[in-house]
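To keep things clear, I will list the structure first and then write my remarks on it.
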Amino acid sequence: VQLQASGGGLVQTGGSLRLSCTVPRMILSTFWGTTFDWYHQAPGNQRELIATSSDGYTYYGDSVKGRFTISRDNNKKTVYLQMNSLKTEDTGTYFCHARGSGMDYWGKGTQVTVSS
């Protein structure tokens with residue numbers, strides 16, 4: 001299963017970006033039951049869980065709560081991360097992760113750079 005993350009780029013402080021994670025080869029019924037996470041890895045730091053979507057449940061890390069929103073379009077087999085009010089500390093690589101029912105898949109990551 002390949003996770004295709006996209007949507008990263010360069011943005012100024014206070015700006016917005018929307019990341020997408022598509023899983024084109026996953027069976028639709030499997031997608032519905034899969035938990036998806038977004039992780040952030042700042043330069044020189046470990047990967048940090050920032051958002052989760054699972055069967056109507058969502059989780060946000062303290063660093064993004066109130067600014068980021070995770071959502072999913074099951075028919076498009078895509079998970080989104082809407083990032084608003086971006087800060088310089090949001091700079092880094094963002095990874096999509098799919099898990100559940102024995103699955104554990106990572107995407108390659110998409111780079112986000114927030115300039116002041």
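Every chain in the structure tokens has a letter given in the order shown (A, B, ...), and although residue numbers restart at 1 in each chain, ligands are simply numbered from 1 in the order shown.
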
Hey, what's within 9 Å of Gly7 (chain A) if we count only C-alpha atoms and toss same-chain stuff fewer than 6 positions away? As a PDB file with N, CA, C and O atoms, in the first residue's frame, please?
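Saved as selection00.pdb:
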```
ATOM      1  N   LEU A  17      -1.860  26.103   4.586  1.00  0.00           N
ATOM      2  CA  LEU A  17      -1.587  25.068   3.596  1.00  0.00           C
ATOM      3  C   LEU A  17      -2.537  23.907   3.877  1.00  0.00           C
ATOM      4  O   LEU A  17      -2.967  23.704   5.015  1.00  0.00           O
ATOM      5  N   ARG A  18      -2.835  23.141   2.838  1.00  0.00           N
ATOM      6  CA  ARG A  18      -3.594  21.911   3.025  1.00  0.00           C
ATOM      7  C   ARG A  18      -2.788  20.743   2.476  1.00  0.00           C
ATOM      8  O   ARG A  18      -2.459  20.719   1.281  1.00  0.00           O
ATOM      9  N   LEU A  19      -2.477  19.817   3.336  1.00  0.00           N
ATOM     10  CA  LEU A  19      -1.782  18.603   2.936  1.00  0.00           C
ATOM     11  C   LEU A  19      -2.801  17.521   2.600  1.00  0.00           C
ATOM     12  O   LEU A  19      -3.878  17.466   3.199  1.00  0.00           O
ATOM     13  N   SER A  20      -2.419  16.687   1.651  1.00  0.00           N
ATOM     14  CA  SER A  20      -3.268  15.564   1.256  1.00  0.00           C
ATOM     15  C   SER A  20      -2.476  14.274   1.338  1.00  0.00           C
ATOM     16  O   SER A  20      -1.274  14.251   1.061  1.00  0.00           O
ATOM     17  N   CYS A  21      -3.166  13.211   1.678  1.00  0.00           N
ATOM     18  CA  CYS A  21      -2.561  11.880   1.712  1.00  0.00           C
ATOM     19  C   CYS A  21      -3.539  10.937   1.027  1.00  0.00           C
ATOM     20  O   CYS A  21      -4.627  10.685   1.540  1.00  0.00           O
ATOM     21  N   THR A 110       6.097  15.189   3.083  1.00  0.00           N
ATOM     22  CA  THR A 110       6.044  16.400   2.263  1.00  0.00           C
ATOM     23  C   THR A 110       6.599  17.552   3.107  1.00  0.00           C
ATOM     24  O   THR A 110       6.318  17.647   4.304  1.00  0.00           O
ATOM     25  N   GLN A 111       7.399  18.394   2.482  1.00  0.00           N
ATOM     26  CA  GLN A 111       8.134  19.446   3.202  1.00  0.00           C
ATOM     27  C   GLN A 111       7.296  20.715   3.302  1.00  0.00           C
ATOM     28  O   GLN A 111       6.715  21.177   2.309  1.00  0.00           O
ATOM     29  N   VAL A 112       7.280  21.264   4.506  1.00  0.00           N
ATOM     30  CA  VAL A 112       6.621  22.547   4.761  1.00  0.00           C
ATOM     31  C   VAL A 112       7.650  23.496   5.348  1.00  0.00           C
ATOM     32  O   VAL A 112       8.350  23.147   6.301  1.00  0.00           O
TER      33      VAL A 112
END
```

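Neighbouring residues of Gln41 (chain A) at 6 Å or closer, counting only C-alpha atoms and skipping chain neighbours under 4 positions away, are Gln46, Arg47, Gly92 and Thr93 of chain A.
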
What are the closest atom pairs, with distances in Å to one decimal, for all residues of region 46-87 of chain A lying within 10 Å of region 96-108 of chain A? Consider only C-alpha atoms, order rows by chain and residue number, and present the result as a tab-separated table.
```
residue	atom	partner	partner_atom	distance
A:Leu49	CA	A:His97	CA	9.7
A:Ala51	CA	A:Cys96	CA	9.8
A:Thr52	CA	A:His97	CA	9.2
A:Ser53	CA	A:Ala98	CA	9.9
A:Ser54	CA	A:Gly100	CA	9.5
A:Val79	CA	A:Cys96	CA	8.6
A:Tyr80	CA	A:Cys96	CA	9.5
A:Leu81	CA	A:Cys96	CA	9.6
```

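Using only C-alpha atoms, the nearest neighbour of Asn45 (chain A) within the list A:Asn84, A:Ser16, A:Thr91, A:Thr22 is A:Thr91.
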
Tyr39 (chain A) surroundings by only C-alpha atoms, 6 Å radius, close-in-sequence under 2 positions cut, as a PDB file with N, CA and C atoms, in the first residue's frame:
```pdb
ATOM      1  N   GLU A  48       6.834  13.660  15.485  1.00  0.00           N
ATOM      2  CA  GLU A  48       5.820  13.930  16.520  1.00  0.00           C
ATOM      3  C   GLU A  48       4.425  13.725  15.952  1.00  0.00           C
ATOM      4  N   LEU A  49       3.608  12.981  16.657  1.00  0.00           N
ATOM      5  CA  LEU A  49       2.212  12.806  16.247  1.00  0.00           C
ATOM      6  C   LEU A  49       1.455  14.100  16.492  1.00  0.00           C
ATOM      7  N   ILE A  50       0.794  14.620  15.455  1.00  0.00           N
ATOM      8  CA  ILE A  50       0.073  15.876  15.612  1.00  0.00           C
ATOM      9  C   ILE A  50      -1.433  15.738  15.358  1.00  0.00           C
ATOM     10  N   TYR A  94       6.258  16.552   6.914  1.00  0.00           N
ATOM     11  CA  TYR A  94       5.001  15.999   7.402  1.00  0.00           C
ATOM     12  C   TYR A  94       4.777  14.631   6.766  1.00  0.00           C
ATOM     13  N   PHE A  95       4.471  13.674   7.621  1.00  0.00           N
ATOM     14  CA  PHE A  95       4.301  12.293   7.179  1.00  0.00           C
ATOM     15  C   PHE A  95       2.881  11.833   7.448  1.00  0.00           C
TER      16      PHE A  95
END
```

Name the closest residue to Lys77 (chain A) among the candidates A:His40, A:Asp55, A:Leu28, A:Gly109; distances are taken between atoms, counting only C-alpha atoms.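 Of A:His40, A:Asp55, A:Leu28, A:Gly109, the one nearest Lys77 (chain A) is A:Leu28, counting only C-alpha atoms.
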
Would you please extract all alpha helix (DSSP H) residues from region 17-56 of chain A, as assigned by DSSP on the backbone, and give them as a VMD selection string? chain A and resid 28 to 32

Keeping all heavy atoms, export the residues of the selection given above as a PDB file, in the first residue's frame.
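Listing of result18.pdb after writing:
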```pdb
ATOM      1  N   LEU A  28     -11.643   0.372  -0.824  1.00  0.00           N
ATOM      2  CA  LEU A  28     -12.433   1.416  -0.186  1.00  0.00           C
ATOM      3  C   LEU A  28     -12.925   0.992   1.197  1.00  0.00           C
ATOM      4  O   LEU A  28     -12.857   1.751   2.152  1.00  0.00           O
ATOM      5  CB  LEU A  28     -13.608   1.790  -1.087  1.00  0.00           C
ATOM      6  CG  LEU A  28     -14.434   2.991  -0.649  1.00  0.00           C
ATOM      7  CD1 LEU A  28     -13.542   4.220  -0.532  1.00  0.00           C
ATOM      8  CD2 LEU A  28     -15.569   3.247  -1.631  1.00  0.00           C
ATOM      9  N   SER A  29     -13.396  -0.227   1.319  1.00  0.00           N
ATOM     10  CA  SER A  29     -13.898  -0.679   2.621  1.00  0.00           C
ATOM     11  C   SER A  29     -12.782  -0.728   3.656  1.00  0.00           C
ATOM     12  O   SER A  29     -13.014  -0.503   4.847  1.00  0.00           O
ATOM     13  CB  SER A  29     -14.563  -2.045   2.487  1.00  0.00           C
ATOM     14  OG  SER A  29     -13.638  -2.994   1.983  1.00  0.00           O
ATOM     15  N   THR A  30     -11.590  -1.013   3.221  1.00  0.00           N
ATOM     16  CA  THR A  30     -10.444  -1.003   4.134  1.00  0.00           C
ATOM     17  C   THR A  30     -10.123   0.417   4.570  1.00  0.00           C
ATOM     18  O   THR A  30      -9.819   0.669   5.740  1.00  0.00           O
ATOM     19  CB  THR A  30      -9.209  -1.634   3.473  1.00  0.00           C
ATOM     20  OG1 THR A  30      -9.499  -2.994   3.122  1.00  0.00           O
ATOM     21  CG2 THR A  30      -8.005  -1.601   4.394  1.00  0.00           C
ATOM     22  N   PHE A  31     -10.205   1.346   3.614  1.00  0.00           N
ATOM     23  CA  PHE A  31      -9.928   2.741   3.937  1.00  0.00           C
ATOM     24  C   PHE A  31     -10.852   3.227   5.042  1.00  0.00           C
ATOM     25  O   PHE A  31     -10.439   3.925   5.964  1.00  0.00           O
ATOM     26  CB  PHE A  31     -10.076   3.605   2.679  1.00  0.00           C
ATOM     27  CG  PHE A  31      -9.721   5.039   2.883  1.00  0.00           C
ATOM     28  CD1 PHE A  31      -8.425   5.476   2.653  1.00  0.00           C
ATOM     29  CD2 PHE A  31     -10.666   5.962   3.296  1.00  0.00           C
ATOM     30  CE1 PHE A  31      -8.080   6.806   2.836  1.00  0.00           C
ATOM     31  CE2 PHE A  31     -10.333   7.285   3.484  1.00  0.00           C
ATOM     32  CZ  PHE A  31      -9.033   7.709   3.259  1.00  0.00           C
ATOM     33  N   TRP A  32     -12.123   2.864   4.938  1.00  0.00           N
ATOM     34  CA  TRP A  32     -13.104   3.327   5.937  1.00  0.00           C
ATOM     35  C   TRP A  32     -12.691   2.944   7.354  1.00  0.00           C
ATOM     36  O   TRP A  32     -12.924   3.684   8.289  1.00  0.00           O
ATOM     37  CB  TRP A  32     -14.485   2.722   5.640  1.00  0.00           C
ATOM     38  CG  TRP A  32     -15.111   3.219   4.395  1.00  0.00           C
ATOM     39  CD1 TRP A  32     -14.798   4.344   3.699  1.00  0.00           C
ATOM     40  CD2 TRP A  32     -16.187   2.585   3.670  1.00  0.00           C
ATOM     41  NE1 TRP A  32     -15.599   4.458   2.576  1.00  0.00           N
ATOM     42  CE2 TRP A  32     -16.463   3.406   2.546  1.00  0.00           C
ATOM     43  CE3 TRP A  32     -16.932   1.434   3.864  1.00  0.00           C
ATOM     44  CZ2 TRP A  32     -17.461   3.087   1.621  1.00  0.00           C
ATOM     45  CZ3 TRP A  32     -17.928   1.127   2.954  1.00  0.00           C
ATOM     46  CH2 TRP A  32     -18.177   1.948   1.841  1.00  0.00           C
TER      47      TRP A  32
END
```

Nearest to Trp38 (chain A), chosen from A:Val1, A:Pro24, A:Arg72, A:Val114, with only C-alpha atoms counted in the distances: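 Among A:Val1, A:Pro24, A:Arg72, A:Val114, it is A:Arg72 that comes nearest to Trp38 (chain A).
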
In chain A, what's strand (DSSP E) per DSSP? Answer as an NGL selection string? :A and (4-6 or 9-12 or 17-22 or 35-41 or 48-54 or 57-60 or 68-73 or 78-83 or 92-100 or 103-106 or 110-115)
